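Containing CSV, C-alpha atoms: protein.csv.
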```csv
chain,number,residue,atom,x,y,z
A,1,MET,CA,58.9,108.5,80.7
A,2,THR,CA,56.6,110.0,83.4
A,3,ALA,CA,58.5,108.1,86.1
A,4,PHE,CA,61.7,109.5,84.7
A,5,HIS,CA,60.3,113.1,84.7
A,6,HIS,CA,58.9,112.7,88.2
A,7,GLN,CA,62.1,111.3,89.6
A,8,HIS,CA,64.3,114.0,88.1
A,9,HIS,CA,61.8,116.8,88.4
A,10,HIS,CA,64.1,119.2,90.1
A,11,HIS,CA,67.2,117.9,88.4
A,12,PRO,CA,68.8,120.7,86.3
A,13,SER,CA,69.6,118.4,83.4
A,14,ALA,CA,65.9,117.6,82.9
A,15,ASP,CA,65.2,121.3,82.7
A,16,LEU,CA,68.0,121.7,80.3
A,17,ARG,CA,66.6,118.8,78.2
A,18,ARG,CA,63.2,120.5,78.1
A,19,LEU,CA,64.7,123.8,77.2
A,20,PHE,CA,66.7,122.0,74.5
A,21,HIS,CA,63.6,120.4,73.0
A,22,ARG,CA,61.9,123.8,72.7
A,23,LEU,CA,65.0,125.3,71.2
A,24,THR,CA,65.3,122.4,68.8
A,25,ILE,CA,61.8,122.9,67.5
A,26,ALA,CA,62.4,126.7,67.3
A,27,SER,CA,65.6,126.2,65.5
A,28,SER,CA,64.8,123.4,63.1
A,29,LEU,CA,63.9,125.9,60.4
A,30,SER,CA,67.2,127.6,60.9
A,31,ILE,CA,69.0,124.3,60.8
A,32,LEU,CA,67.4,123.5,57.5
A,33,CYS,CA,68.4,126.8,56.2
A,34,PHE,CA,71.9,126.4,57.5
A,35,SER,CA,72.2,123.0,55.8
A,36,LEU,CA,71.2,124.5,52.5
A,37,VAL,CA,73.7,127.4,52.9
A,38,TYR,CA,76.4,124.8,53.9
A,39,LEU,CA,75.7,122.7,50.9
A,40,LEU,CA,75.7,125.6,48.5
A,41,THR,CA,78.7,127.4,50.0
A,42,GLY,CA,80.6,125.4,52.5
A,43,CYS,CA,81.6,122.4,50.5
A,44,CYS,CA,84.7,123.7,48.8
A,45,GLU,CA,87.5,125.9,50.2
A,46,PRO,CA,88.7,128.7,48.0
A,47,GLU,CA,91.6,127.8,45.9
A,48,LEU,CA,94.8,129.4,47.1
A,49,THR,CA,98.2,129.5,45.4
A,50,GLU,CA,101.1,127.4,46.4
A,51,ASN,CA,103.0,129.8,48.5
A,52,SER,CA,100.1,131.9,49.8
A,53,GLU,CA,100.3,131.7,53.5
A,54,ILE,CA,97.5,132.7,55.8
A,55,LYS,CA,98.3,135.5,58.2
A,56,ALA,CA,95.1,135.5,60.1
A,57,PRO,CA,91.7,133.9,59.8
A,58,THR,CA,89.6,135.8,57.4
A,59,ARG,CA,86.0,136.2,58.4
A,60,GLU,CA,83.5,135.6,55.7
A,61,PHE,CA,79.8,136.3,56.2
A,62,LEU,CA,77.3,134.4,54.2
A,63,VAL,CA,73.7,135.3,54.1
A,64,SER,CA,71.2,132.6,53.4
A,65,GLY,CA,68.0,133.0,51.4
A,66,SER,CA,66.2,134.1,54.5
A,67,GLY,CA,68.6,137.0,55.0
A,68,TRP,CA,69.9,135.2,58.1
A,69,PRO,CA,73.7,135.6,58.3
A,70,TYR,CA,76.0,133.0,59.8
A,71,GLU,CA,79.7,133.3,60.2
A,72,ARG,CA,81.6,130.8,58.1
A,73,ASN,CA,84.7,130.8,60.2
A,74,GLY,CA,82.8,130.6,63.5
A,75,THR,CA,80.9,127.6,64.8
A,76,SER,CA,77.7,126.5,63.1
A,77,VAL,CA,74.4,127.7,64.5
A,78,VAL,CA,73.5,124.1,65.5
A,79,LYS,CA,76.5,124.2,67.8
A,80,GLU,CA,75.4,127.5,69.3
A,81,VAL,CA,72.0,126.0,70.2
A,82,THR,CA,73.9,123.4,72.2
A,83,THR,CA,76.1,126.0,73.8
A,84,ALA,CA,73.0,128.0,74.9
A,85,THR,CA,71.9,125.0,77.0
A,86,GLY,CA,75.3,124.0,78.4
A,87,GLU,CA,78.1,122.5,76.3
A,88,GLY,CA,77.8,118.8,75.7
A,89,ALA,CA,74.7,118.3,77.8
A,90,PHE,CA,73.0,116.2,75.1
A,91,SER,CA,75.8,114.4,73.3
A,92,GLY,CA,78.9,112.3,73.8
A,93,HIS,CA,81.1,115.0,72.3
A,94,PRO,CA,81.2,118.2,74.2
A,95,GLY,CA,79.7,121.0,72.0
A,96,LEU,CA,78.9,118.7,69.1
A,97,GLU,CA,75.3,117.9,68.1
A,98,ALA,CA,74.4,114.2,67.6
A,99,ASN,CA,71.4,112.9,65.8
A,100,SER,CA,69.4,109.8,66.8
A,101,SER,CA,72.0,107.3,65.5
A,102,GLY,CA,74.7,109.1,67.6
A,103,LYS,CA,76.5,110.0,64.4
A,104,GLU,CA,77.5,113.6,64.3
A,105,TRP,CA,76.0,115.4,61.3
A,106,THR,CA,77.1,118.9,61.7
A,107,ALA,CA,80.2,120.0,59.8
A,108,THR,CA,82.6,121.5,62.3
A,109,ARG,CA,86.2,122.6,62.2
A,110,ARG,CA,88.6,120.1,63.7
A,111,LEU,CA,92.4,119.7,63.9
A,112,PRO,CA,94.0,117.7,61.1
A,113,GLN,CA,94.4,114.0,61.4
A,114,ALA,CA,96.9,113.9,58.6
A,115,LEU,CA,99.7,116.3,57.5
A,116,ILE,CA,101.8,116.5,54.3
A,117,ILE,CA,105.0,117.6,56.1
A,118,GLY,CA,107.4,117.6,53.1
A,119,VAL,CA,109.4,118.0,51.2
A,120,LYS,CA,109.8,121.3,49.4
A,121,LYS,CA,109.8,120.9,45.6
A,122,GLY,CA,109.0,117.2,46.0
A,123,GLY,CA,105.5,117.2,44.6
A,124,THR,CA,103.5,118.2,47.6
A,125,ARG,CA,101.1,120.5,45.8
A,126,ALA,CA,100.3,117.8,43.2
A,127,LEU,CA,99.7,115.2,45.9
A,128,LEU,CA,97.4,117.5,47.8
A,129,GLU,CA,95.4,118.4,44.7
A,130,PHE,CA,95.1,114.7,43.7
A,131,LEU,CA,94.0,113.8,47.2
A,132,ARG,CA,91.3,116.4,47.2
A,133,LEU,CA,89.4,114.4,44.6
A,134,HIS,CA,88.6,112.0,47.4
A,135,PRO,CA,85.2,112.8,49.0
A,136,ASP,CA,86.4,111.8,52.5
A,137,ILE,CA,89.3,114.3,52.4
A,138,ARG,CA,88.9,117.9,53.4
A,139,ALA,CA,92.2,119.8,52.8
A,140,LEU,CA,93.3,123.3,53.4
A,141,GLY,CA,94.4,125.0,50.1
A,142,SER,CA,97.2,127.2,51.4
A,143,GLU,CA,100.2,126.4,53.6
A,144,PRO,CA,99.4,127.5,57.2
A,145,HIS,CA,102.9,127.2,58.5
A,146,PHE,CA,101.5,126.7,62.0
A,147,PHE,CA,104.1,124.4,63.6
A,148,ASP,CA,107.1,126.2,62.2
A,149,ARG,CA,106.1,129.9,62.1
A,150,HIS,CA,102.8,130.6,63.8
A,151,TYR,CA,102.9,128.2,66.7
A,152,ALA,CA,102.4,131.0,69.2
A,153,ARG,CA,98.9,131.7,67.8
A,154,GLY,CA,97.8,128.5,69.5
A,155,LEU,CA,95.8,125.4,68.5
A,156,ASP,CA,92.4,127.2,68.5
A,157,TRP,CA,93.7,129.6,65.8
A,158,TYR,CA,95.0,126.6,63.8
A,159,ARG,CA,91.7,124.8,64.1
A,160,SER,CA,89.9,127.9,62.9
A,161,MET,CA,91.9,127.8,59.7
A,162,MET,CA,90.7,124.3,58.8
A,163,PRO,CA,87.9,123.5,56.4
A,164,LYS,CA,84.7,122.2,57.9
A,165,SER,CA,84.4,118.5,57.9
A,166,LEU,CA,81.9,115.7,58.8
A,167,ASP,CA,82.6,112.9,61.2
A,168,GLY,CA,84.2,110.3,58.9
A,169,GLN,CA,86.2,112.8,56.9
A,170,ILE,CA,90.0,113.3,57.2
A,171,VAL,CA,91.2,116.9,57.6
A,172,MET,CA,94.6,117.6,56.3
A,173,GLU,CA,97.0,120.4,55.4
A,174,LYS,CA,100.4,120.6,53.8
A,175,THR,CA,103.4,122.7,54.8
A,176,PRO,CA,106.6,121.2,53.3
A,177,ARG,CA,108.8,123.2,55.7
A,178,TYR,CA,107.7,121.1,58.7
A,179,PHE,CA,109.9,118.2,57.6
A,180,VAL,CA,113.1,120.1,58.1
A,181,THR,CA,112.4,122.4,61.1
A,182,GLN,CA,113.9,121.4,64.4
A,183,GLU,CA,111.0,122.0,66.8
A,184,THR,CA,108.2,120.8,64.6
A,185,PRO,CA,108.0,117.0,65.4
A,186,ALA,CA,107.6,117.7,69.2
A,187,ARG,CA,104.9,120.3,68.5
A,188,VAL,CA,103.0,118.0,66.1
A,189,HIS,CA,103.2,115.2,68.7
A,190,SER,CA,101.8,117.4,71.4
A,191,MET,CA,98.7,118.1,69.2
A,192,SER,CA,98.3,114.4,68.3
A,193,GLN,CA,100.3,111.3,68.9
A,194,ASP,CA,98.2,109.5,66.2
A,195,VAL,CA,98.5,112.0,63.4
A,196,LYS,CA,99.4,110.4,60.0
A,197,LEU,CA,102.4,112.0,58.4
A,198,ILE,CA,103.2,112.1,54.6
A,199,VAL,CA,106.5,113.0,53.1
A,200,VAL,CA,106.9,113.3,49.3
A,201,VAL,CA,110.6,112.8,48.5
A,202,ARG,CA,112.5,113.3,45.3
A,203,ASP,CA,116.0,112.8,44.1
A,204,PRO,CA,117.9,115.4,46.2
A,205,VAL,CA,120.0,116.6,43.3
A,206,SER,CA,117.1,117.5,41.0
A,207,ARG,CA,115.2,118.8,44.1
A,208,ALA,CA,118.0,121.2,44.8
A,209,ILE,CA,118.1,122.5,41.3
A,210,SER,CA,114.3,122.9,41.3
A,211,ASP,CA,114.6,124.8,44.6
A,212,TYR,CA,117.3,127.1,43.1
A,213,THR,CA,115.1,127.5,40.0
A,214,GLN,CA,112.3,128.7,42.2
A,215,ILE,CA,114.6,131.1,44.1
A,216,ILE,CA,115.9,132.6,40.9
A,217,SER,CA,112.4,133.3,39.6
A,218,LYS,CA,111.8,135.4,42.7
A,219,THR,CA,115.3,137.0,43.2
A,220,PRO,CA,116.9,137.0,39.7
A,221,ASP,CA,120.2,138.6,40.9
A,222,ILE,CA,121.4,135.8,43.2
A,223,PRO,CA,124.8,134.2,42.5
A,224,PRO,CA,125.0,131.1,40.2
A,225,PHE,CA,124.1,127.7,41.7
A,226,GLU,CA,127.7,126.5,41.6
A,227,SER,CA,129.1,129.3,43.7
A,228,LEU,CA,126.4,128.7,46.4
A,229,ALA,CA,126.7,124.9,46.3
A,230,PHE,CA,130.4,124.9,47.2
A,231,LYS,CA,132.2,126.3,50.2
A,232,ASN,CA,135.3,126.0,48.1
A,233,ARG,CA,135.1,125.3,44.4
A,234,THR,CA,138.7,124.3,44.1
A,235,THR,CA,138.7,121.7,46.8
A,236,GLY,CA,135.1,120.7,45.7
A,237,GLN,CA,133.9,121.0,49.3
A,238,ILE,CA,130.2,121.2,49.3
A,239,ASP,CA,128.2,123.6,51.5
A,240,SER,CA,125.7,121.2,53.0
A,241,LEU,CA,124.1,124.0,55.1
A,242,TRP,CA,123.0,125.9,52.0
A,243,SER,CA,119.2,125.4,52.2
A,244,PRO,CA,118.6,123.7,48.7
A,245,LEU,CA,121.3,121.1,49.6
A,246,TRP,CA,120.5,120.8,53.3
A,247,ILE,CA,116.8,120.0,52.7
A,248,GLY,CA,117.9,116.9,50.6
A,249,LEU,CA,119.6,115.3,53.6
A,250,TYR,CA,116.4,113.2,54.1
A,251,ALA,CA,117.9,110.7,56.6
A,252,GLN,CA,118.8,113.3,59.2
A,253,HIS,CA,115.4,114.9,59.0
A,254,LEU,CA,113.5,111.6,59.1
A,255,GLU,CA,115.6,110.6,62.1
A,256,ARG,CA,114.3,113.6,64.0
A,257,TRP,CA,110.7,112.6,63.2
A,258,LEU,CA,111.3,109.0,64.2
A,259,SER,CA,112.3,110.0,67.7
A,260,TRP,CA,108.7,111.2,68.1
A,261,PHE,CA,106.6,109.0,65.9
A,262,PRO,CA,106.7,105.3,64.9
A,263,ARG,CA,107.7,104.5,61.4
A,264,THR,CA,104.2,103.1,60.7
A,265,GLN,CA,102.8,106.6,61.1
A,266,ILE,CA,105.0,108.0,58.4
A,267,HIS,CA,104.3,107.4,54.7
A,268,LEU,CA,106.9,108.2,52.1
A,269,VAL,CA,105.7,109.0,48.6
A,270,SER,CA,108.1,108.9,45.6
A,271,GLY,CA,108.0,112.2,43.8
A,272,GLU,CA,109.2,110.5,40.6
A,273,ARG,CA,106.5,107.9,40.8
A,274,LEU,CA,103.9,110.5,41.5
A,275,ILE,CA,104.6,111.7,38.0
A,276,SER,CA,105.1,108.4,36.2
A,277,ASP,CA,102.3,106.5,38.0
A,278,PRO,CA,100.0,108.9,39.9
A,279,ALA,CA,97.3,106.4,40.5
A,280,GLY,CA,99.7,103.8,42.0
A,281,GLU,CA,101.2,106.3,44.4
A,282,LEU,CA,97.7,107.7,45.3
A,283,GLY,CA,96.4,104.2,45.9
A,284,LYS,CA,99.1,103.6,48.6
A,285,VAL,CA,98.4,107.0,50.2
A,286,GLN,CA,94.7,106.2,50.4
A,287,ASP,CA,95.5,102.8,52.0
A,288,PHE,CA,97.8,104.6,54.5
A,289,LEU,CA,95.0,107.0,55.4
A,290,GLY,CA,92.5,104.1,55.8
A,291,LEU,CA,90.4,105.3,52.9
A,292,GLN,CA,88.7,103.5,50.1
A,293,ARG,CA,90.7,103.7,46.9
A,294,ILE,CA,88.5,106.1,45.1
A,295,VAL,CA,91.1,108.2,43.3
A,296,THR,CA,92.3,105.9,40.5
A,297,ASP,CA,93.8,106.0,37.0
A,298,LYS,CA,90.5,107.2,35.5
A,299,HIS,CA,91.2,110.6,37.2
A,300,PHE,CA,94.5,111.3,35.4
A,301,TYR,CA,95.8,111.9,31.9
A,302,PHE,CA,99.4,112.7,31.0
A,303,ASN,CA,99.8,116.2,29.6
A,304,LYS,CA,102.7,116.2,27.1
A,305,THR,CA,103.2,119.9,27.1
A,306,LYS,CA,103.4,120.1,30.9
A,307,GLY,CA,105.3,116.8,31.3
A,308,PHE,CA,103.0,116.1,34.2
A,309,PRO,CA,99.9,114.1,35.0
A,310,CYS,CA,96.8,116.4,35.1
A,311,LEU,CA,93.3,115.8,36.4
A,312,LYS,CA,90.6,114.9,33.9
A,313,LYS,CA,87.7,116.4,35.9
A,314,PRO,CA,88.3,118.2,39.1
A,315,GLU,CA,85.5,119.0,41.6
A,316,GLY,CA,82.6,120.9,40.2
A,317,SER,CA,84.1,121.5,36.7
A,318,SER,CA,84.1,119.7,33.4
A,319,LYS,CA,87.4,121.2,32.3
A,320,PRO,CA,90.6,119.3,32.8
A,321,HIS,CA,92.9,120.8,35.4
A,322,CYS,CA,96.7,121.0,35.5
A,323,LEU,CA,98.8,122.5,38.2
A,324,GLY,CA,99.7,126.2,37.8
A,325,LYS,CA,102.5,127.9,35.7
A,326,THR,CA,105.0,127.7,38.6
A,327,LYS,CA,104.9,123.9,38.4
A,328,GLY,CA,107.2,122.1,36.1
A,329,ARG,CA,109.5,125.0,35.4
A,330,THR,CA,112.5,124.4,33.1
A,331,HIS,CA,115.5,123.9,35.3
A,332,VAL,CA,118.6,126.1,35.1
A,333,SER,CA,121.3,124.1,33.4
A,334,ILE,CA,124.1,123.0,35.7
A,335,ASP,CA,127.6,122.0,34.8
A,336,PRO,CA,127.7,118.2,34.5
A,337,GLU,CA,130.8,118.0,36.7
A,338,VAL,CA,129.0,119.8,39.5
A,339,MET,CA,126.1,117.4,39.1
A,340,GLN,CA,128.4,114.5,39.5
A,341,ARG,CA,130.0,116.0,42.6
A,342,LEU,CA,126.5,116.5,44.1
A,343,ARG,CA,125.5,112.9,43.3
A,344,ASP,CA,128.7,111.6,45.1
A,345,PHE,CA,127.9,113.9,48.0
A,346,TYR,CA,124.4,112.6,48.4
A,347,LYS,CA,125.2,108.9,47.8
A,348,PRO,CA,125.9,107.9,51.4
A,349,HIS,CA,123.0,110.0,52.7
A,350,ASN,CA,120.6,108.4,50.2
A,351,GLN,CA,121.8,104.9,51.2
A,352,ARG,CA,121.2,105.7,54.9
A,353,PHE,CA,117.8,107.1,54.0
A,354,TYR,CA,116.8,103.9,52.0
A,355,LYS,CA,117.7,101.8,55.0
A,356,MET,CA,115.6,103.9,57.3
A,357,ALA,CA,112.7,104.0,54.8
A,358,GLY,CA,112.9,100.3,54.0
A,359,GLN,CA,112.8,101.1,50.3
A,360,ASP,CA,115.2,102.1,47.6
A,361,PHE,CA,114.1,105.1,45.7
A,362,GLY,CA,116.6,104.5,42.9
A,363,TRP,CA,118.2,107.9,42.8
A,364,GLN,CA,121.4,107.9,40.7
```

As structure tokens:
Amino acid sequence: MTAFHHQHHHHPSADLRRLFHRLTIASSLSILCFSLVYLLTGCCEPELTENSEIKAPTREFLVSGSGWPYERNGTSVVKEVTTATGEGAFSGHPGLEANSSGKEWTATRRLPQALIIGVKKGGTRALLEFLRLHPDIRALGSEPHFFDRHYARGLDWYRSMMPKSLDGQIVMEKTPRYFVTQETPARVHSMSQDVKLIVVVRDPVSRAISDYTQIISKTPDIPPFESLAFKNRTTGQIDSLWSPLWIGLYAQHLERWLSWFPRTQIHLVSGERLISDPAGELGKVQDFLGLQRIVTDKHFYFNKTKGFPCLKKPEGSSKPHCLGKTKGRTHVSIDPEVMQRLRDFYKPHNQRFYKMAGQDFGWQ
């Protein structure tokens, strides 16, 4: 050790190291305090509703028992100690603290390694809530719409929205609009070529009706489904550009993603099976994410009133938890002849999608 010190006596990194040791001792109490505050407050993101969308990062200030504030959306104090002595001078990751085993132990905000990119009204909220039961998943509660609406705010803004996570944890968010927006695949790819993508798909006909049901709940005076679904009711020509119908053209959307990502990086979840066998579908998603199968059938019970699986015991609560009132709405009733027309319209698209997916989803 003395030889080392002698040799590098005037080397700036040795001075930095000594300064760091002093700072470490000085800040060890603060770190302990930070850890307690983090454990008490930082473990669970606030619950946000399905369509709530974040406009700008909210800054929350938390005060620890010692009256020492730290900014929840900023970097942790431990990280600031490092910054004071030159980013990354003491660890393999720039700006991240490492302990003796080289494992990082500070929770920091990082970009997501997995995204639920679609599809609207397919079961994405249910999937996200089910996945959040896994201790190695840290998920954002709201839909950030970064890659489709707020891309100009930049990756640092996006990172600042993410929940804090530890080294082995997977950070994820869901924005179902990503699947269908033109420019999204390239943008996601430029953030990460290795990101894992999850798409929950559902019979496009019932998806469209579900979509329309949601629209009507917000704007009650829109025209009936039939008049929006057809360009010309007499000839039966369908308006495939009407959003509720266009979203269901899964093959053409998937094709766009496949020009940027290999098929192995995209996992398709059956929206129907997510209801009939939640544990089975969740098992496959956990495998895809490289996680232990921790969320299993013991987490679910089927709620007859809701017609949906609900969670027996969500995080930090002994009450069972079902999804909100806006989930499982009773669909508007549609003329059976119109339904048949839609099934015929989607048939070739579905067949093409099954081929691309390498699986038959059994939609009639």

Who sits within 12 Å of Gly328 (chain A), all atoms listed in the file, same chain under 4 positions skipped, as an mmCIF file with C-alpha atoms, in the coordinates of the input:
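To be explicit, this is the file written out as out.cif:
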```
data_model
loop_
_atom_site.group_PDB
_atom_site.id
_atom_site.type_symbol
_atom_site.label_atom_id
_atom_site.label_comp_id
_atom_site.auth_asym_id
_atom_site.auth_seq_id
_atom_site.Cartn_x
_atom_site.Cartn_y
_atom_site.Cartn_z
ATOM 1 C CA LYS A 121 109.800 120.900 45.600
ATOM 2 C CA GLY A 122 109.000 117.200 46.000
ATOM 3 C CA GLY A 123 105.500 117.200 44.600
ATOM 4 C CA ARG A 125 101.100 120.500 45.800
ATOM 5 C CA ALA A 126 100.300 117.800 43.200
ATOM 6 C CA SER A 206 117.100 117.500 41.000
ATOM 7 C CA ARG A 207 115.200 118.800 44.100
ATOM 8 C CA SER A 210 114.300 122.900 41.300
ATOM 9 C CA ASP A 211 114.600 124.800 44.600
ATOM 10 C CA THR A 213 115.100 127.500 40.000
ATOM 11 C CA GLN A 214 112.300 128.700 42.200
ATOM 12 C CA ILE A 275 104.600 111.700 38.000
ATOM 13 C CA ASN A 303 99.800 116.200 29.600
ATOM 14 C CA LYS A 304 102.700 116.200 27.100
ATOM 15 C CA THR A 305 103.200 119.900 27.100
ATOM 16 C CA LYS A 306 103.400 120.100 30.900
ATOM 17 C CA GLY A 307 105.300 116.800 31.300
ATOM 18 C CA PHE A 308 103.000 116.100 34.200
ATOM 19 C CA PRO A 309 99.900 114.100 35.000
ATOM 20 C CA CYS A 310 96.800 116.400 35.100
ATOM 21 C CA CYS A 322 96.700 121.000 35.500
ATOM 22 C CA LEU A 323 98.800 122.500 38.200
ATOM 23 C CA GLY A 324 99.700 126.200 37.800
#
```

Item to complete: Point out the residue among A:Pro223, A:Gly118, A:Gly141, A:Gly154 with the least atom-to-atom distance to Thr175 (chain A), counting only C-alpha atoms.
Response: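 Smallest distance to Thr175 (chain A) is found for A:Gly118.
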
Discussion item. Under the rule that all atoms listed in the file are counted, which of A:Thr296, A:Gln359, A:Gln351, A:Thr330 is the nearest residue to Ala251 (chain A)?
Written reply: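 Once distances to Ala251 (chain A) are computed over all atoms listed in the file, the minimum belongs to A:Gln351.
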
Find the residues around Arg177 (chain A) up to 10 Å (only C-alpha atoms counted), leave out those fewer than 5 positions away in its own chain, and share them as a short mmCIF file (atom, residue, chain, number, x, y, z; two decimals) with C-alpha atoms, in the coordinates of the input.
```cif
data_model
loop_
_atom_site.label_atom_id
_atom_site.label_comp_id
_atom_site.auth_asym_id
_atom_site.auth_seq_id
_atom_site.Cartn_x
_atom_site.Cartn_y
_atom_site.Cartn_z
CA ILE A 116 101.80 116.50 54.30
CA ILE A 117 105.00 117.60 56.10
CA GLY A 118 107.40 117.60 53.10
CA VAL A 119 109.40 118.00 51.20
CA LYS A 120 109.80 121.30 49.40
CA GLU A 143 100.20 126.40 53.60
CA HIS A 145 102.90 127.20 58.50
CA PHE A 147 104.10 124.40 63.60
CA ASP A 148 107.10 126.20 62.20
CA ARG A 149 106.10 129.90 62.10
CA THR A 184 108.20 120.80 64.60
CA ILE A 247 116.80 120.00 52.70
#
```

Worksheet entry | Within 6 Å of Ala139 (chain A) using only C-alpha atoms, minus same-chain residues under 4 positions, as a ChimeraX atom specification | /A:171-173

Worksheet item: Around (110.3, 107.6, 51.5) in the file's own coordinates, what residues are found within 8 Å if you use only C-alpha atoms, given back as a PyMOL selection string?
Response: chain A and resi 199-201+267-270+353-354+357+359+361

Kindly export the residues of the current selection with C-alpha atoms, as a PDB file, in the frame of the given file.
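Full text of part-v2.pdb as output:
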```
ATOM      1  CA  VAL A 199     106.500 113.000  53.100  1.00  0.00           C
ATOM      2  CA  VAL A 200     106.900 113.300  49.300  1.00  0.00           C
ATOM      3  CA  VAL A 201     110.600 112.800  48.500  1.00  0.00           C
ATOM      4  CA  HIS A 267     104.300 107.400  54.700  1.00  0.00           C
ATOM      5  CA  LEU A 268     106.900 108.200  52.100  1.00  0.00           C
ATOM      6  CA  VAL A 269     105.700 109.000  48.600  1.00  0.00           C
ATOM      7  CA  SER A 270     108.100 108.900  45.600  1.00  0.00           C
ATOM      8  CA  PHE A 353     117.800 107.100  54.000  1.00  0.00           C
ATOM      9  CA  TYR A 354     116.800 103.900  52.000  1.00  0.00           C
ATOM     10  CA  ALA A 357     112.700 104.000  54.800  1.00  0.00           C
ATOM     11  CA  GLN A 359     112.800 101.100  50.300  1.00  0.00           C
ATOM     12  CA  PHE A 361     114.100 105.100  45.700  1.00  0.00           C
TER      13      PHE A 361
END
```

Item to complete: Find, counting all atoms listed in the file, the residue in A:Val338, A:Ser217, A:Lys347, A:Arg352 that gets nearest to Lys325 (chain A).
Response: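 Closest to Lys325 (chain A) of all the choices is A:Ser217.
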
Worksheet entry | Atomic distance CA of Asp277 (chain A) - CA of Ile294 (chain A), expressed in Å with one decimal |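 Result for CA of Asp277 (chain A) versus CA of Ile294 (chain A): 15.5 Å, one decimal.
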
Practice prompt. Using all atoms listed in the file, find the one residue out of A:His150, A:His299, A:Lys218, A:Arg263 that sits nearest to Arg132 (chain A).
Written response: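 The shortest atom-to-atom distance to Arg132 (chain A) comes from A:His299.
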
Export of region 299-304 of chain A: all heavy atoms, as an mmCIF file, in the first residue's frame:
```cif
data_model
loop_
_atom_site.group_PDB
_atom_site.id
_atom_site.type_symbol
_atom_site.label_atom_id
_atom_site.label_comp_id
_atom_site.auth_asym_id
_atom_site.auth_seq_id
_atom_site.Cartn_x
_atom_site.Cartn_y
_atom_site.Cartn_z
ATOM 1 N N HIS A 299 -51.419 -16.375 -7.036
ATOM 2 C CA HIS A 299 -51.648 -14.937 -6.937
ATOM 3 C C HIS A 299 -53.032 -14.507 -7.438
ATOM 4 O O HIS A 299 -53.446 -13.378 -7.238
ATOM 5 C CB HIS A 299 -50.587 -14.171 -7.740
ATOM 6 C CG HIS A 299 -49.244 -14.189 -7.107
ATOM 7 N ND1 HIS A 299 -48.278 -15.108 -7.454
ATOM 8 C CD2 HIS A 299 -48.703 -13.417 -6.130
ATOM 9 C CE1 HIS A 299 -47.196 -14.893 -6.722
ATOM 10 N NE2 HIS A 299 -47.427 -13.876 -5.919
ATOM 11 N N PHE A 300 -53.721 -15.415 -8.156
ATOM 12 C CA PHE A 300 -54.957 -15.012 -8.815
ATOM 13 C C PHE A 300 -56.194 -15.713 -8.282
ATOM 14 O O PHE A 300 -56.123 -16.844 -7.827
ATOM 15 C CB PHE A 300 -54.875 -15.324 -10.317
ATOM 16 C CG PHE A 300 -53.721 -14.650 -10.999
ATOM 17 C CD1 PHE A 300 -52.540 -15.341 -11.249
ATOM 18 C CD2 PHE A 300 -53.801 -13.326 -11.385
ATOM 19 C CE1 PHE A 300 -51.470 -14.721 -11.876
ATOM 20 C CE2 PHE A 300 -52.739 -12.691 -12.013
ATOM 21 C CZ PHE A 300 -51.578 -13.391 -12.254
ATOM 22 N N TYR A 301 -57.322 -15.030 -8.381
ATOM 23 C CA TYR A 301 -58.599 -15.706 -8.207
ATOM 24 C C TYR A 301 -59.528 -15.109 -9.251
ATOM 25 O O TYR A 301 -59.322 -13.966 -9.676
ATOM 26 C CB TYR A 301 -59.146 -15.519 -6.784
ATOM 27 C CG TYR A 301 -59.702 -14.157 -6.500
ATOM 28 C CD1 TYR A 301 -61.077 -13.897 -6.612
ATOM 29 C CD2 TYR A 301 -58.860 -13.097 -6.127
ATOM 30 C CE1 TYR A 301 -61.582 -12.625 -6.364
ATOM 31 C CE2 TYR A 301 -59.369 -11.831 -5.883
ATOM 32 C CZ TYR A 301 -60.729 -11.602 -5.998
ATOM 33 O OH TYR A 301 -61.232 -10.341 -5.761
ATOM 34 N N PHE A 302 -60.523 -15.870 -9.695
ATOM 35 C CA PHE A 302 -61.407 -15.363 -10.740
ATOM 36 C C PHE A 302 -62.601 -14.685 -10.103
ATOM 37 O O PHE A 302 -63.308 -15.277 -9.290
ATOM 38 C CB PHE A 302 -61.858 -16.499 -11.666
ATOM 39 C CG PHE A 302 -62.553 -15.998 -12.896
ATOM 40 C CD1 PHE A 302 -61.816 -15.511 -13.980
ATOM 41 C CD2 PHE A 302 -63.936 -15.966 -12.970
ATOM 42 C CE1 PHE A 302 -62.443 -15.027 -15.119
ATOM 43 C CE2 PHE A 302 -64.579 -15.478 -14.110
ATOM 44 C CZ PHE A 302 -63.824 -15.012 -15.183
ATOM 45 N N ASN A 303 -62.792 -13.392 -10.443
ATOM 46 C CA ASN A 303 -63.898 -12.652 -9.860
ATOM 47 C C ASN A 303 -65.102 -12.757 -10.792
ATOM 48 O O ASN A 303 -65.086 -12.256 -11.914
ATOM 49 C CB ASN A 303 -63.458 -11.189 -9.692
ATOM 50 C CG ASN A 303 -64.530 -10.341 -9.065
ATOM 51 O OD1 ASN A 303 -65.633 -10.227 -9.582
ATOM 52 N ND2 ASN A 303 -64.199 -9.713 -7.949
ATOM 53 N N LYS A 304 -66.180 -13.417 -10.321
ATOM 54 C CA LYS A 304 -67.332 -13.683 -11.192
ATOM 55 C C LYS A 304 -68.072 -12.418 -11.594
ATOM 56 O O LYS A 304 -68.555 -12.307 -12.718
ATOM 57 C CB LYS A 304 -68.282 -14.663 -10.513
ATOM 58 C CG LYS A 304 -67.717 -16.077 -10.457
ATOM 59 C CD LYS A 304 -68.774 -17.090 -10.012
ATOM 60 C CE LYS A 304 -68.193 -18.494 -9.949
ATOM 61 N NZ LYS A 304 -67.097 -18.598 -8.955
#
```
